[in-house]
Amino acid sequence: MATKIRLSRVGAKAQPSYRIVVADSRNPRDGSFIEKVGTYNPRVPHDHKERLVLKDERIKYWLSVGAQATDRTQRLLATRGLMEKPKVHTQTKQDKPRPKTVERMKAQEEAAAKAAEAVAAAAAAPAEPAAE
């Protein structure tokens with residue numbers, strides 16, 4: 001059975017609060033779970049003691065038997081030092097220029113190189129005497 005440590009939403013409309021649960025990965029988000037291992041309340045200040053309440057020993061146990069934490073839960077557990085922060089993947093297609101833009105940039109670089117060569121050639125050539 002593939003188990004996940006994940007958030008399960010509880011609370012009223014527009015007043016979210018979450019349980020941190022160990023559940024079968026095939027169950028729905030707010031469905032049945034194996035064990036409740038903590039709570040997370042994003043509506044209280046960051047330094048408040050009830051913002052994140054965890055059962056550290058039970059989380060360590062579930063991680064040792066192969067449970068995987070979701071990205072958000074992994075971030076929360078990292079604040080307590082139970083796991084490492086997840087790696088952030090920032091490389092996408094959108095962070096690279098389009099092919100025509102790359103061609104344009106190459107053409108501009110070549111034009112700048114030719115202009116620099118022309119200036120260097122003009123400076124290297126001996127100056128002609130001026131006619132009086």
# chains A, B, ... in the order shown; residues from 1 in each chain; ligands from 1

$ closest_atom_pairs --of "segment 34-78 of chain A" --to "segment 86-104 of chain A" --cutoff "7 Å" --atoms "only C-alpha atoms" --output "JSON lines"
{"residue": "A:Asp71", "atom": "CA", "partner": "A:Pro86", "partner_atom": "CA", "distance": 6.4}
{"residue": "A:Gln74", "atom": "CA", "partner": "A:Pro86", "partner_atom": "CA", "distance": 6.6}
{"residue": "A:Arg75", "atom": "CA", "partner": "A:Pro86", "partner_atom": "CA", "distance": 6.7}

$ write_last_selection --atoms "N, CA, C and O atoms" --output "mmCIF file, in the first residue's frame"
data_model
loop_
_atom_site.group_PDB
_atom_site.id
_atom_site.type_symbol
_atom_site.label_atom_id
_atom_site.label_comp_id
_atom_site.auth_asym_id
_atom_site.auth_seq_id
_atom_site.Cartn_x
_atom_site.Cartn_y
_atom_site.Cartn_z
ATOM 1 N N ASP A 71 4.637 17.667 -1.236
ATOM 2 C CA ASP A 71 5.526 18.839 -1.235
ATOM 3 C C ASP A 71 5.189 19.812 -0.115
ATOM 4 O O ASP A 71 6.066 20.283 0.606
ATOM 5 N N GLN A 74 6.006 18.348 3.201
ATOM 6 C CA GLN A 74 7.459 18.275 3.347
ATOM 7 C C GLN A 74 8.020 19.625 3.772
ATOM 8 O O GLN A 74 8.921 19.696 4.605
ATOM 9 N N ARG A 75 7.477 20.706 3.236
ATOM 10 C CA ARG A 75 7.908 22.045 3.673
ATOM 11 C C ARG A 75 7.597 22.274 5.144
ATOM 12 O O ARG A 75 8.409 22.828 5.888
#

$ residues_around --residues "Lys60 of chain A" --least-positions-apart "5" --cutoff "9 Å" --atoms "only C-alpha atoms" --output "list in words"
Lys55, Val65 and Leu82 of chain A

$ residues_around --residues "segment 10-27 of chain A" --least-positions-apart "5" --cutoff "8 Å" --atoms "only C-alpha atoms" --output "ChimeraX atom specification"
/A:1-5,32-43,62,67,73

$ write_last_selection --atoms "N, CA, C and O atoms" --output "short mmCIF file (atom, residue, chain, number, x, y, z; two decimals), in the first residue's frame"
data_model
loop_
_atom_site.label_atom_id
_atom_site.label_comp_id
_atom_site.auth_asym_id
_atom_site.auth_seq_id
_atom_site.Cartn_x
_atom_site.Cartn_y
_atom_site.Cartn_z
N MET A 1 0.85 -1.17 0.00
CA MET A 1 0.00 0.00 0.00
C MET A 1 0.90 1.24 0.00
O MET A 1 1.81 1.38 0.82
N ALA A 2 0.66 2.16 -0.92
CA ALA A 2 1.42 3.41 -1.00
C ALA A 2 0.80 4.42 -0.04
O ALA A 2 -0.34 4.85 -0.24
N THR A 3 1.57 4.81 0.96
CA THR A 3 1.04 5.76 1.94
C THR A 3 1.68 7.12 1.74
O THR A 3 2.84 7.23 1.36
N LYS A 4 0.89 8.15 2.03
CA LYS A 4 1.35 9.53 1.91
C LYS A 4 1.07 10.25 3.22
O LYS A 4 0.08 9.98 3.89
N ILE A 5 1.97 11.17 3.55
CA ILE A 5 1.71 12.09 4.65
C ILE A 5 1.26 13.37 3.97
O ILE A 5 2.02 13.97 3.21
N SER A 32 -10.97 8.85 4.06
CA SER A 32 -10.47 8.11 5.22
C SER A 32 -8.95 8.17 5.27
O SER A 32 -8.28 8.33 4.26
N PHE A 33 -8.42 8.04 6.47
CA PHE A 33 -6.98 8.08 6.68
C PHE A 33 -6.59 7.04 7.71
O PHE A 33 -7.44 6.53 8.44
N ILE A 34 -5.32 6.73 7.76
CA ILE A 34 -4.82 5.71 8.67
C ILE A 34 -4.59 6.30 10.07
O ILE A 34 -5.01 5.74 11.07
N GLU A 35 -3.93 7.46 10.10
CA GLU A 35 -3.61 8.08 11.39
C GLU A 35 -3.46 9.58 11.24
O GLU A 35 -2.92 10.06 10.25
N LYS A 36 -3.92 10.31 12.25
CA LYS A 36 -3.74 11.76 12.29
C LYS A 36 -2.44 12.02 13.05
O LYS A 36 -2.28 11.59 14.18
N VAL A 37 -1.50 12.73 12.39
CA VAL A 37 -0.19 12.95 13.01
C VAL A 37 0.08 14.43 13.30
O VAL A 37 1.17 14.78 13.73
N GLY A 38 -0.90 15.30 13.07
CA GLY A 38 -0.69 16.70 13.38
C GLY A 38 -1.80 17.58 12.83
O GLY A 38 -2.74 17.11 12.19
N THR A 39 -1.67 18.88 13.10
CA THR A 39 -2.61 19.87 12.58
C THR A 39 -1.83 21.08 12.08
O THR A 39 -0.71 21.34 12.52
N TYR A 40 -2.46 21.80 11.15
CA TYR A 40 -1.87 23.01 10.59
C TYR A 40 -2.98 24.03 10.43
O TYR A 40 -4.00 23.76 9.80
N ASN A 41 -2.80 25.21 11.04
CA ASN A 41 -3.79 26.27 10.95
C ASN A 41 -3.11 27.50 10.35
O ASN A 41 -2.41 28.23 11.05
N PRO A 42 -3.31 27.76 9.05
CA PRO A 42 -2.63 28.88 8.40
C PRO A 42 -3.18 30.24 8.79
O PRO A 42 -2.59 31.26 8.43
N ARG A 43 -4.26 30.28 9.55
CA ARG A 43 -4.89 31.56 9.88
C ARG A 43 -4.32 32.22 11.13
O ARG A 43 -4.67 33.35 11.43
N TRP A 62 6.43 6.74 10.45
CA TRP A 62 5.82 6.56 9.13
C TRP A 62 6.83 6.81 8.02
O TRP A 62 6.81 6.14 6.99
N ALA A 67 6.47 5.88 4.07
CA ALA A 67 5.46 6.87 3.70
C ALA A 67 6.15 8.07 3.05
O ALA A 67 7.23 8.48 3.47
N THR A 73 3.50 19.31 2.68
CA THR A 73 3.75 18.70 3.98
C THR A 73 5.25 18.62 4.23
O THR A 73 5.71 18.83 5.36
#

$ select_by_dssp --residues "chain A" --states "strand (DSSP E)" --output "VMD selection string"
chain A and resid 3 to 10 17 to 24 35 to 40 52 to 54 68 to 69

$ atom_distance --atom1 "atom CA of Leu76 of chain A" --atom2 "atom CA of Val44 of chain A"
14.7 Å

$ atom_distance --atom1 "atom CA of Ala69 of chain A" --atom2 "atom CA of His46 of chain A"
21.4 Å

$ closest_residue --among "A:Thr70, A:Leu7, A:Met83, A:Asp30" --to "Asp56 of chain A" --atoms "only C-alpha atoms"
A:Met83

$ atom_distance --atom1 "atom CA of Arg9 of chain A" --atom2 "atom CA of Glu84 of chain A"
23.8 Å
